[in-house]
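Engineer: Okay, handing you the structure first.
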Amino acid sequence: MYAIVDRRFCLRVPVGSLLKFLSGCLYCPEYMEQLKVYLCSLHQQGSDRQARSDARDSYVAFKQPLPSADVLIHCGDMTFTGAQHEYDTTLDMLDKIDAPLKLVIAGNHDRTLDESFVRSHARLYAPPLQSDIIRDARAMWLGEDGRAKREGVTYLDEGVHTFRLHNGARLRVYASPYTPAFCGWAFPYGANEDRFNPAGSAFSDAKSIVQNPVPSFVSDSTENIDVMITHGPPYERLDKTVRNSRAGCPHLLRAVMRARPLVHCFGHIHEGYGVEHIKWSDKADELATTAMKKQDCTGGGCRRGVENITKVPLDRETMIERRHCFIDASTEGKIALDRGRETLLVNAAIMNERYEPTNGAWLVDVDLPKMETG
């Protein structure tokens with residue numbers, strides 16, 4: 001299965017119930033059009049400029065062609081501002097990726113897909129035009145005759161979605177484009193607002209705004225979440241900014257601790273690019289449901305829900321050469337994920353903090369259950 005996060009995450013499932021996913025995040029239309037020349041140097045001429053272009057190409061990892069996959073997942077920020085021509089450019093890029101199932105969510109930059117954002121920003125979107133702007137964006141991604149559906153791309157609103165893969169495997173995902181409010185961008189929620197946990201699982205001092213709660217993991221259940229796809233990271237997990245602050249969400253961390261999916265992929269925080277292998281402790285369920293204030297969690301209380309964290313090593317030279325990073329998390333791989341006890345966290349932000357696509361997509365193998373029939 002092939003997936004792309006924070007602007008691109010992909011998953012691949014070759015045979016049986018094996019799922020392979022590739023993840024990354026960025027929006028870089030010019031780079032997609034001219035792979036050997038990056039952004040502003042697209043139309044430069046002369047040997048010195050070509051040399052600079054070649055130098056950039058030597059450290060830029062996200063390039064076509066990408067590996068084929070069973071599923072492509074794009075974790076938001078498909079655009080810079082949500083303009084229609086930017087959506088078209090993203091769909092042009094997605095069309096070049098070989099994956100039978102292509103899933104996308106929005107991010108905080110995809111402003112026109114957030115109706116409440118458009119209607120509350122009259123200085124950006126004149127009120128007489130707001131309904132048309134919202135309609136056009138939704139029609140492109142969700143309309144039966146919209147370009148996305150015509151080209152085999154499925155846009156996911158917040159909630160749980162289940163898919164039957166071409167090899168008979170079942171993929172059950174939870175998706176959400178929402179992130180903590182930041183500089184007035186789209187799909188925001190307040191610091192003390194919880195949109196991921198149901199009553200009884202939220203922090204005691206949180207304001208519940210939940211509409212589509214993340215389901216809890218249940219042993220022997222066939223309804224557990226395989227992959228969580230969110231735009232932003234959970235608190236203290238691949239969320240450290242260039243200013244050394246934590247930008248992840250404590251409410252989301254609590255939800256991930258309850259759901260314990262095989263994979264949680266996200267982006268948003270460019271500096272957090274990487275992968276962590278989490279082994280949950282026996283206290284995870286208790287901590288995820290016991291009454292606790294948010295500050296108790298951020299003060300270290302939630303760490304007791306984790307038994308061990310391993311940062312997956314990254315070889316940048318190999319990544320640039322192969323245009324992706326590979327992790328075998330199947331039962332036959334180096335990281336054989338134990339469902340309900342272990343989760344692979346993937347920050348697949350392809351762009352660095354300077355908006356250069358220096359990071360490669362992550363290609364990951366995981367095992368999925370067969371889709372039940374009848």
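Naming works like this for the structure tokens: A, B, ... for the chains as they're shown, residue 1 at the start of each chain, ligands 1 onward in shown order.
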What lies within 10 Å of Gly333 in chain A using only C-alpha atoms, ignoring chain neighbours under 4 positions off, as a PyMOL selection string?
Structural biologist: chain A and resi 327-329+337+365-366
Engineer: For Val346 in chain A, work out the shell of residues within 7 Å, counting only C-alpha atoms and skipping chain neighbours fewer than 3 positions away, then give it as a count of residues only.
Structural biologist: 6
Engineer: Suppose you want the space between CA of Gly168 in chain A and CA of Arg341 in chain A; what is it in Å?
Structural biologist: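 Calculated distance between CA of Gly168 in chain A and CA of Arg341 in chain A is 24.8 Å.
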Engineer: Using only C-alpha atoms, I'd like a table of the residues in range 193-271 of chain A that come within 9 Å of range 175-187 of chain A; for each, show the closest atom pair and its distance in Å rounded to one decimal, ordered by chain and ascending number, as JSON lines.
Structural biologist:
```
{"residue": "A:Glu193", "atom": "CA", "partner": "A:Pro180", "partner_atom": "CA", "distance": 8.7}
{"residue": "A:Arg195", "atom": "CA", "partner": "A:Tyr178", "partner_atom": "CA", "distance": 8.6}
{"residue": "A:Asn212", "atom": "CA", "partner": "A:Ser176", "partner_atom": "CA", "distance": 8.9}
{"residue": "A:Val214", "atom": "CA", "partner": "A:Ala175", "partner_atom": "CA", "distance": 9.0}
{"residue": "A:Val227", "atom": "CA", "partner": "A:Ala175", "partner_atom": "CA", "distance": 8.6}
{"residue": "A:Met228", "atom": "CA", "partner": "A:Ala175", "partner_atom": "CA", "distance": 6.0}
{"residue": "A:Ile229", "atom": "CA", "partner": "A:Ala175", "partner_atom": "CA", "distance": 4.7}
{"residue": "A:Thr230", "atom": "CA", "partner": "A:Ser176", "partner_atom": "CA", "distance": 4.9}
{"residue": "A:His231", "atom": "CA", "partner": "A:Pro177", "partner_atom": "CA", "distance": 5.1}
{"residue": "A:Gly232", "atom": "CA", "partner": "A:Thr179", "partner_atom": "CA", "distance": 5.6}
{"residue": "A:Pro233", "atom": "CA", "partner": "A:Thr179", "partner_atom": "CA", "distance": 8.5}
{"residue": "A:Ala247", "atom": "CA", "partner": "A:Pro180", "partner_atom": "CA", "distance": 8.3}
{"residue": "A:Gly248", "atom": "CA", "partner": "A:Pro180", "partner_atom": "CA", "distance": 8.1}
{"residue": "A:Cys249", "atom": "CA", "partner": "A:Pro180", "partner_atom": "CA", "distance": 6.9}
{"residue": "A:His268", "atom": "CA", "partner": "A:Thr179", "partner_atom": "CA", "distance": 8.7}
```
Engineer: How would the residues just picked look written out with all heavy atoms as a CSV table (one decimal), in the first residue's frame?
Structural biologist:
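Listed below is the output, part_4.csv:
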```csv
chain,number,residue,atom,x,y,z
A,193,GLU,N,-9.9,22.2,23.3
A,193,GLU,CA,-11.0,21.5,22.7
A,193,GLU,C,-10.6,20.1,22.2
A,193,GLU,O,-9.5,20.0,21.6
A,193,GLU,CB,-11.5,22.3,21.5
A,193,GLU,CG,-12.1,23.6,21.9
A,193,GLU,CD,-12.6,24.5,20.7
A,193,GLU,OE1,-12.0,24.4,19.6
A,193,GLU,OE2,-13.6,25.2,20.9
A,195,ARG,N,-11.6,16.9,19.9
A,195,ARG,CA,-12.5,16.4,18.8
A,195,ARG,C,-12.2,15.0,18.5
A,195,ARG,O,-12.7,14.5,17.5
A,195,ARG,CB,-12.5,17.3,17.6
A,195,ARG,CG,-11.2,17.4,16.8
A,195,ARG,CD,-11.3,18.3,15.6
A,195,ARG,NE,-12.4,17.8,14.7
A,195,ARG,CZ,-13.5,18.5,14.4
A,195,ARG,NH1,-13.6,19.7,15.0
A,195,ARG,NH2,-14.4,18.0,13.7
A,212,ASN,N,-16.8,12.9,15.4
A,212,ASN,CA,-16.4,11.6,14.9
A,212,ASN,C,-15.3,11.1,15.7
A,212,ASN,O,-14.1,11.1,15.3
A,212,ASN,CB,-16.0,11.7,13.4
A,212,ASN,CG,-17.1,12.3,12.5
A,212,ASN,OD1,-18.0,11.6,12.2
A,212,ASN,ND2,-16.9,13.6,12.2
A,214,VAL,N,-12.4,8.8,17.6
A,214,VAL,CA,-11.6,7.7,17.2
A,214,VAL,C,-12.0,6.5,18.0
A,214,VAL,O,-12.1,6.5,19.2
A,214,VAL,CB,-10.1,8.1,17.6
A,214,VAL,CG1,-9.2,6.9,17.2
A,214,VAL,CG2,-9.7,9.3,16.8
A,227,VAL,N,-5.1,2.0,10.2
A,227,VAL,CA,-4.2,3.2,9.9
A,227,VAL,C,-5.0,4.4,10.3
A,227,VAL,O,-6.2,4.6,9.9
A,227,VAL,CB,-3.9,3.3,8.4
A,227,VAL,CG1,-3.0,4.5,8.2
A,227,VAL,CG2,-3.1,2.0,8.0
A,228,MET,N,-4.4,5.3,11.1
A,228,MET,CA,-4.9,6.6,11.4
A,228,MET,C,-4.2,7.6,10.5
A,228,MET,O,-3.0,7.6,10.3
A,228,MET,CB,-4.7,7.0,12.9
A,228,MET,CG,-5.6,6.4,13.8
A,228,MET,SD,-5.4,6.9,15.5
A,228,MET,CE,-5.8,8.6,15.5
A,229,ILE,N,-5.0,8.4,9.8
A,229,ILE,CA,-4.5,9.5,8.9
A,229,ILE,C,-4.9,10.8,9.5
A,229,ILE,O,-6.1,11.2,9.4
A,229,ILE,CB,-5.0,9.3,7.5
A,229,ILE,CG1,-4.8,7.8,7.0
A,229,ILE,CG2,-4.4,10.3,6.5
A,229,ILE,CD1,-5.6,7.5,5.8
A,230,THR,N,-4.0,11.6,10.0
A,230,THR,CA,-4.3,12.9,10.5
A,230,THR,C,-3.3,13.9,9.9
A,230,THR,O,-2.2,13.5,9.5
A,230,THR,CB,-4.3,13.0,12.0
A,230,THR,OG1,-3.0,12.7,12.5
A,230,THR,CG2,-5.3,12.1,12.6
A,231,HIS,N,-3.7,15.1,9.8
A,231,HIS,CA,-2.8,16.1,9.3
A,231,HIS,C,-1.7,16.4,10.2
A,231,HIS,O,-0.5,16.6,9.9
A,231,HIS,CB,-3.5,17.4,8.9
A,231,HIS,CG,-2.6,18.4,8.2
A,231,HIS,ND1,-1.8,18.1,7.2
A,231,HIS,CD2,-2.4,19.7,8.5
A,231,HIS,CE1,-1.1,19.2,6.8
A,231,HIS,NE2,-1.4,20.2,7.7
A,232,GLY,N,-2.0,16.5,11.5
A,232,GLY,CA,-1.0,16.9,12.5
A,232,GLY,C,-0.6,15.7,13.4
A,232,GLY,O,-1.2,14.6,13.4
A,233,PRO,N,0.5,15.9,14.1
A,233,PRO,CA,1.0,14.8,15.0
A,233,PRO,C,0.4,14.8,16.4
A,233,PRO,O,-0.1,15.8,16.8
A,233,PRO,CB,2.5,15.1,15.1
A,233,PRO,CG,2.5,16.6,15.0
A,233,PRO,CD,1.4,17.0,14.1
A,247,ALA,N,4.6,20.9,19.1
A,247,ALA,CA,3.4,21.4,18.4
A,247,ALA,C,2.3,20.3,18.3
A,247,ALA,O,1.2,20.6,17.7
A,247,ALA,CB,3.8,21.9,17.0
A,248,GLY,N,2.6,19.1,18.8
A,248,GLY,CA,1.6,18.1,18.7
A,248,GLY,C,0.4,18.2,19.6
A,248,GLY,O,0.5,19.1,20.6
A,249,CYS,N,-0.6,17.4,19.4
A,249,CYS,CA,-1.9,17.6,20.2
A,249,CYS,C,-2.0,16.5,21.3
A,249,CYS,O,-2.0,15.3,21.0
A,249,CYS,CB,-3.1,17.5,19.2
A,249,CYS,SG,-4.7,17.5,20.0
A,268,HIS,N,2.5,18.0,8.7
A,268,HIS,CA,2.3,19.3,9.3
A,268,HIS,C,3.5,19.9,9.9
A,268,HIS,O,3.8,21.1,9.6
A,268,HIS,CB,1.1,19.2,10.4
A,268,HIS,CG,0.6,20.5,10.9
A,268,HIS,ND1,0.3,21.5,10.1
A,268,HIS,CD2,0.3,20.9,12.2
A,268,HIS,CE1,-0.2,22.5,10.8
A,268,HIS,NE2,-0.1,22.2,12.1
```
Engineer: With only C-alpha atoms as the counted atoms, please give the residues lying no more than 8 Å from Leu262 in chain A, apart from itself and same-chain residues fewer than 3 positions off, as a VMD selection string.
Structural biologist: chain A and resid 225 to 227 337 to 340 342 to 344 366
Engineer: Enumerate as a CSV table (one decimal) with all heavy atoms, in the first residue's frame all residues of range 51-201 of chain A assigned to strand (DSSP E) by DSSP on the backbone, naming them with the chain letters and numbers the document uses.
Structural biologist:
```csv
chain,number,residue,atom,x,y,z
A,71,VAL,N,-2.0,1.2,-2.0
A,71,VAL,CA,-2.8,2.3,-1.6
A,71,VAL,C,-1.9,3.6,-1.4
A,71,VAL,O,-0.8,3.5,-0.9
A,71,VAL,CB,-3.4,2.1,-0.2
A,71,VAL,CG1,-4.3,3.2,0.2
A,71,VAL,CG2,-4.3,0.8,-0.3
A,72,LEU,N,-2.4,4.7,-2.0
A,72,LEU,CA,-1.8,6.0,-1.8
A,72,LEU,C,-2.6,6.8,-0.8
A,72,LEU,O,-3.8,6.8,-0.8
A,72,LEU,CB,-1.8,6.7,-3.1
A,72,LEU,CG,-1.4,8.2,-3.0
A,72,LEU,CD1,0.1,8.4,-3.0
A,72,LEU,CD2,-2.1,9.0,-4.0
A,73,ILE,N,-1.9,7.3,0.2
A,73,ILE,CA,-2.6,8.2,1.2
A,73,ILE,C,-1.9,9.5,1.3
A,73,ILE,O,-0.7,9.6,1.5
A,73,ILE,CB,-2.6,7.6,2.6
A,73,ILE,CG1,-3.3,6.2,2.6
A,73,ILE,CG2,-3.3,8.5,3.6
A,73,ILE,CD1,-3.3,5.5,3.9
A,74,HIS,N,-2.6,10.6,1.0
A,74,HIS,CA,-2.1,11.9,1.1
A,74,HIS,C,-2.7,12.6,2.4
A,74,HIS,O,-3.9,12.7,2.5
A,74,HIS,CB,-2.6,12.7,-0.1
A,74,HIS,CG,-2.0,14.1,-0.3
A,74,HIS,ND1,-1.9,15.0,0.7
A,74,HIS,CD2,-1.5,14.7,-1.4
A,74,HIS,CE1,-1.4,16.1,0.3
A,74,HIS,NE2,-1.1,15.9,-1.0
A,75,CYS,N,-1.8,13.0,3.3
A,75,CYS,CA,-2.3,13.4,4.6
A,75,CYS,C,-2.5,14.9,4.7
A,75,CYS,O,-2.3,15.5,5.8
A,75,CYS,CB,-1.4,12.9,5.7
A,75,CYS,SG,-1.4,11.1,5.9
A,101,LEU,N,-5.7,2.2,-5.1
A,101,LEU,CA,-6.5,3.0,-4.2
A,101,LEU,C,-5.7,4.2,-3.7
A,101,LEU,O,-4.6,4.1,-3.2
A,101,LEU,CB,-6.9,2.2,-2.9
A,101,LEU,CG,-7.8,2.9,-1.9
A,101,LEU,CD1,-9.1,3.3,-2.4
A,101,LEU,CD2,-7.9,2.0,-0.7
A,102,LYS,N,-6.3,5.4,-4.0
A,102,LYS,CA,-5.7,6.7,-3.6
A,102,LYS,C,-6.6,7.5,-2.7
A,102,LYS,O,-7.7,7.8,-3.0
A,102,LYS,CB,-5.4,7.5,-4.9
A,102,LYS,CG,-4.5,6.8,-5.8
A,102,LYS,CD,-4.2,7.6,-7.1
A,102,LYS,CE,-3.3,6.8,-8.1
A,102,LYS,NZ,-3.1,7.6,-9.3
A,103,LEU,N,-6.1,7.7,-1.4
A,103,LEU,CA,-6.9,8.4,-0.4
A,103,LEU,C,-6.2,9.7,-0.1
A,103,LEU,O,-5.0,9.8,0.1
A,103,LEU,CB,-7.0,7.5,0.8
A,103,LEU,CG,-7.4,6.1,0.7
A,103,LEU,CD1,-7.4,5.3,2.0
A,103,LEU,CD2,-8.8,6.0,0.1
A,104,VAL,N,-7.0,10.7,0.1
A,104,VAL,CA,-6.5,12.1,0.5
A,104,VAL,C,-7.3,12.7,1.6
A,104,VAL,O,-8.5,12.4,1.6
A,104,VAL,CB,-6.4,13.0,-0.7
A,104,VAL,CG1,-5.6,12.4,-1.8
A,104,VAL,CG2,-7.8,13.4,-1.2
A,105,ILE,N,-6.7,13.5,2.4
A,105,ILE,CA,-7.4,14.3,3.4
A,105,ILE,C,-6.9,15.8,3.1
A,105,ILE,O,-5.9,16.0,2.5
A,105,ILE,CB,-7.2,13.9,4.8
A,105,ILE,CG1,-5.8,14.2,5.3
A,105,ILE,CG2,-7.7,12.5,5.1
A,105,ILE,CD1,-5.6,14.0,6.8
A,153,VAL,N,-9.4,9.0,-7.2
A,153,VAL,CA,-9.0,9.6,-6.0
A,153,VAL,C,-10.1,9.7,-5.0
A,153,VAL,O,-11.2,10.3,-5.4
A,153,VAL,CB,-8.2,10.9,-6.2
A,153,VAL,CG1,-7.8,11.5,-4.9
A,153,VAL,CG2,-7.1,10.7,-7.2
A,154,THR,N,-10.0,9.2,-3.8
A,154,THR,CA,-11.1,9.3,-2.8
A,154,THR,C,-10.7,10.3,-1.7
A,154,THR,O,-9.7,10.1,-1.0
A,154,THR,CB,-11.3,8.0,-2.1
A,154,THR,OG1,-11.7,7.0,-3.2
A,154,THR,CG2,-12.4,8.0,-1.1
A,155,TYR,N,-11.5,11.4,-1.6
A,155,TYR,CA,-11.3,12.4,-0.5
A,155,TYR,C,-12.0,11.9,0.7
A,155,TYR,O,-13.2,11.6,0.7
A,155,TYR,CB,-11.8,13.7,-1.0
A,155,TYR,CG,-11.8,14.8,0.0
A,155,TYR,CD1,-10.6,15.6,0.2
A,155,TYR,CD2,-12.8,15.1,0.9
A,155,TYR,CE1,-10.5,16.6,1.1
A,155,TYR,CE2,-12.8,16.1,1.8
A,155,TYR,CZ,-11.6,16.8,2.0
A,155,TYR,OH,-11.5,17.8,2.9
A,159,GLY,N,-13.6,10.9,10.0
A,159,GLY,CA,-14.3,9.8,10.4
A,159,GLY,C,-13.7,8.5,10.1
A,159,GLY,O,-12.5,8.4,9.6
A,160,VAL,N,-14.4,7.4,10.2
A,160,VAL,CA,-13.9,6.0,9.9
A,160,VAL,C,-14.3,5.6,8.5
A,160,VAL,O,-15.5,5.8,8.1
A,160,VAL,CB,-14.4,5.0,10.9
A,160,VAL,CG1,-14.0,3.6,10.6
A,160,VAL,CG2,-13.9,5.4,12.3
A,161,HIS,N,-13.4,5.0,7.8
A,161,HIS,CA,-13.7,4.6,6.4
A,161,HIS,C,-13.1,3.2,6.2
A,161,HIS,O,-12.0,2.9,6.7
A,161,HIS,CB,-13.1,5.5,5.4
A,161,HIS,CG,-13.5,7.0,5.6
A,161,HIS,ND1,-14.5,7.6,5.0
A,161,HIS,CD2,-12.9,7.9,6.4
A,161,HIS,CE1,-14.6,8.8,5.4
A,161,HIS,NE2,-13.6,9.1,6.2
A,162,THR,N,-13.8,2.3,5.5
A,162,THR,CA,-13.4,0.9,5.3
A,162,THR,C,-13.3,0.6,3.8
A,162,THR,O,-14.2,1.0,3.0
A,162,THR,CB,-14.3,-0.1,6.0
A,162,THR,OG1,-14.4,0.2,7.4
A,162,THR,CG2,-13.8,-1.5,5.8
A,163,PHE,N,-12.2,0.0,3.4
A,163,PHE,CA,-12.0,-0.3,2.0
A,163,PHE,C,-11.6,-1.8,1.8
A,163,PHE,O,-10.8,-2.3,2.6
A,163,PHE,CB,-10.9,0.6,1.4
A,163,PHE,CG,-11.1,2.1,1.6
A,163,PHE,CD1,-10.7,2.8,2.7
A,163,PHE,CD2,-11.9,2.7,0.6
A,163,PHE,CE1,-10.9,4.1,2.9
A,163,PHE,CE2,-12.1,4.1,0.8
A,163,PHE,CZ,-11.7,4.8,1.9
A,164,ARG,N,-12.0,-2.3,0.7
A,164,ARG,CA,-11.6,-3.7,0.3
A,164,ARG,C,-10.5,-3.5,-0.8
A,164,ARG,O,-10.7,-2.8,-1.8
A,164,ARG,CB,-12.7,-4.5,-0.3
A,164,ARG,CG,-12.3,-5.9,-0.8
A,164,ARG,CD,-13.4,-6.6,-1.5
A,164,ARG,NE,-13.0,-7.9,-1.9
A,164,ARG,CZ,-13.3,-9.0,-1.2
A,164,ARG,NH1,-13.9,-8.9,-0.1
A,164,ARG,NH2,-12.8,-10.2,-1.7
A,170,ARG,N,-8.6,-6.1,4.0
A,170,ARG,CA,-9.5,-5.0,4.4
A,170,ARG,C,-8.6,-3.9,5.0
A,170,ARG,O,-7.7,-4.2,5.8
A,170,ARG,CB,-10.5,-5.5,5.5
A,170,ARG,CG,-11.4,-4.4,6.0
A,170,ARG,CD,-11.7,-4.5,7.5
A,170,ARG,NE,-10.5,-4.2,8.3
A,170,ARG,CZ,-10.4,-4.3,9.6
A,170,ARG,NH1,-11.5,-4.7,10.3
A,170,ARG,NH2,-9.3,-4.0,10.3
A,171,LEU,N,-8.9,-2.6,4.7
A,171,LEU,CA,-8.2,-1.5,5.2
A,171,LEU,C,-9.2,-0.6,5.9
A,171,LEU,O,-10.1,-0.1,5.3
A,171,LEU,CB,-7.5,-0.7,4.1
A,171,LEU,CG,-6.8,0.6,4.6
A,171,LEU,CD1,-5.7,0.4,5.6
A,171,LEU,CD2,-6.3,1.4,3.4
A,172,ARG,N,-9.0,-0.4,7.2
A,172,ARG,CA,-10.0,0.4,8.0
A,172,ARG,C,-9.2,1.6,8.5
A,172,ARG,O,-8.2,1.4,9.3
A,172,ARG,CB,-10.6,-0.4,9.1
A,172,ARG,CG,-11.7,0.3,9.9
A,172,ARG,CD,-12.4,-0.7,10.8
A,172,ARG,NE,-13.3,-0.1,11.8
A,172,ARG,CZ,-14.5,0.2,11.5
A,172,ARG,NH1,-15.0,0.0,10.3
A,172,ARG,NH2,-15.3,0.8,12.4
A,173,VAL,N,-9.6,2.8,8.1
A,173,VAL,CA,-8.8,4.0,8.5
A,173,VAL,C,-9.7,5.0,9.3
A,173,VAL,O,-10.9,5.0,9.1
A,173,VAL,CB,-8.2,4.7,7.3
A,173,VAL,CG1,-7.4,3.7,6.4
A,173,VAL,CG2,-9.3,5.4,6.4
A,174,TYR,N,-9.0,5.7,10.1
A,174,TYR,CA,-9.6,6.9,10.7
A,174,TYR,C,-8.9,8.1,10.1
A,174,TYR,O,-7.7,8.2,10.1
A,174,TYR,CB,-9.5,6.9,12.2
A,174,TYR,CG,-10.0,8.2,12.8
A,174,TYR,CD1,-11.4,8.3,13.2
A,174,TYR,CD2,-9.2,9.3,13.0
A,174,TYR,CE1,-11.9,9.5,13.7
A,174,TYR,CE2,-9.7,10.5,13.5
A,174,TYR,CZ,-11.0,10.6,13.8
A,174,TYR,OH,-11.6,11.8,14.3
A,175,ALA,N,-9.7,9.1,9.7
A,175,ALA,CA,-9.1,10.3,9.0
A,175,ALA,C,-9.6,11.5,9.7
A,175,ALA,O,-10.7,11.6,10.1
A,175,ALA,CB,-9.4,10.3,7.5
A,176,SER,N,-8.7,12.5,9.8
A,176,SER,CA,-9.1,13.9,10.2
A,176,SER,C,-8.1,14.9,9.7
A,176,SER,O,-6.9,14.8,9.9
A,176,SER,CB,-9.2,13.9,11.8
A,176,SER,OG,-9.6,15.2,12.2
A,179,THR,N,-6.3,20.3,13.1
A,179,THR,CA,-5.1,20.5,13.9
A,179,THR,C,-5.3,21.7,14.8
A,179,THR,O,-6.2,22.5,14.6
A,179,THR,CB,-3.9,20.8,13.0
A,179,THR,OG1,-4.2,21.9,12.1
A,179,THR,CG2,-3.5,19.7,12.1
A,180,PRO,N,-4.5,21.8,15.9
A,180,PRO,CA,-4.7,22.9,16.8
A,180,PRO,C,-4.5,24.2,16.1
A,180,PRO,O,-3.7,24.3,15.2
A,180,PRO,CB,-3.5,22.7,17.8
A,180,PRO,CG,-3.3,21.2,17.8
A,180,PRO,CD,-3.5,20.8,16.4
A,188,PRO,N,-9.2,24.4,12.2
A,188,PRO,CA,-8.6,24.6,13.5
A,188,PRO,C,-9.5,24.1,14.7
A,188,PRO,O,-10.7,24.0,14.5
A,188,PRO,CB,-8.4,26.1,13.6
A,188,PRO,CG,-9.6,26.6,12.9
A,188,PRO,CD,-9.9,25.6,11.8
A,189,TYR,N,-8.9,23.8,15.8
A,189,TYR,CA,-9.6,23.7,17.1
A,189,TYR,C,-8.8,24.3,18.2
A,189,TYR,O,-7.5,24.4,18.1
A,189,TYR,CB,-10.0,22.3,17.4
A,189,TYR,CG,-8.9,21.3,17.4
A,189,TYR,CD1,-8.2,21.0,18.6
A,189,TYR,CD2,-8.5,20.5,16.3
A,189,TYR,CE1,-7.1,20.1,18.6
A,189,TYR,CE2,-7.5,19.6,16.3
A,189,TYR,CZ,-6.8,19.4,17.4
A,189,TYR,OH,-5.8,18.5,17.5
A,193,GLU,N,-9.9,22.2,23.3
A,193,GLU,CA,-11.0,21.5,22.7
A,193,GLU,C,-10.6,20.1,22.2
A,193,GLU,O,-9.5,20.0,21.6
A,193,GLU,CB,-11.5,22.3,21.5
A,193,GLU,CG,-12.1,23.6,21.9
A,193,GLU,CD,-12.6,24.5,20.7
A,193,GLU,OE1,-12.0,24.4,19.6
A,193,GLU,OE2,-13.6,25.2,20.9
A,194,ASP,N,-11.4,19.1,22.5
A,194,ASP,CA,-11.1,17.7,22.1
A,194,ASP,C,-12.1,17.3,21.1
A,194,ASP,O,-13.3,17.2,21.3
A,194,ASP,CB,-11.2,16.9,23.3
A,194,ASP,CG,-10.7,15.4,23.1
A,194,ASP,OD1,-10.7,15.0,21.9
A,194,ASP,OD2,-10.5,14.7,24.0
```
Engineer: Considering only C-alpha atoms, state which residue in the set A:Asp220, A:Asp285, A:Ser330, A:Ile278 is at the smallest distance from Glu307 in chain A.
Structural biologist: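 For Glu307 in chain A, the nearest of the candidates is A:Ile278.
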Engineer: Any idea what's packed within 8 Å of Leu252 in chain A, counting only C-alpha atoms, ignoring anything in its chain fewer than 2 positions away? Could you give it as a PyMOL selection string?
Structural biologist: chain A and resi 196+233-235+249-250+254-256
Engineer: Tell me which of A:Asp88, A:Val218, A:Gln64, A:Arg123 sits closest to Gly146 in chain A, counting only C-alpha atoms.
Structural biologist: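 Looking at the shortest contact to Gly146 in chain A, the residue is A:Asp88.
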Engineer: Between CA of Ser120 in chain A and CA of Ile134 in chain A, what is the distance, to one decimal in Å?
Structural biologist: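 Value for the CA of Ser120 in chain A-CA of Ile134 in chain A distance: 12.3 Å.
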Engineer: Distance CA of Ala191 in chain A-CA of His109 in chain A, one decimal place?
Structural biologist: 19.0 Å
Engineer: For the helix (DSSP H, G or I) assignment from backbone DSSP, which residues of range 224-257 of chain A qualify? Please present them as a PyMOL selection string.
Structural biologist: chain A and resi 250-257
Engineer: Just the selected residues (C-alpha atoms), exported as a PDB file, in the first residue's frame, please.
Structural biologist:
```pdb
ATOM      1  CA  PRO A 250      -2.333  15.945  23.630  1.00  0.00           C
ATOM      2  CA  HIS A 251      -5.965  15.077  22.797  1.00  0.00           C
ATOM      3  CA  LEU A 252      -4.780  13.231  19.684  1.00  0.00           C
ATOM      4  CA  LEU A 253      -2.106  11.418  21.701  1.00  0.00           C
ATOM      5  CA  ARG A 254      -4.803  10.134  24.065  1.00  0.00           C
ATOM      6  CA  ALA A 255      -6.859   8.964  21.078  1.00  0.00           C
ATOM      7  CA  VAL A 256      -3.903   7.153  19.481  1.00  0.00           C
ATOM      8  CA  MET A 257      -3.185   5.492  22.821  1.00  0.00           C
TER       9      MET A 257
END
```
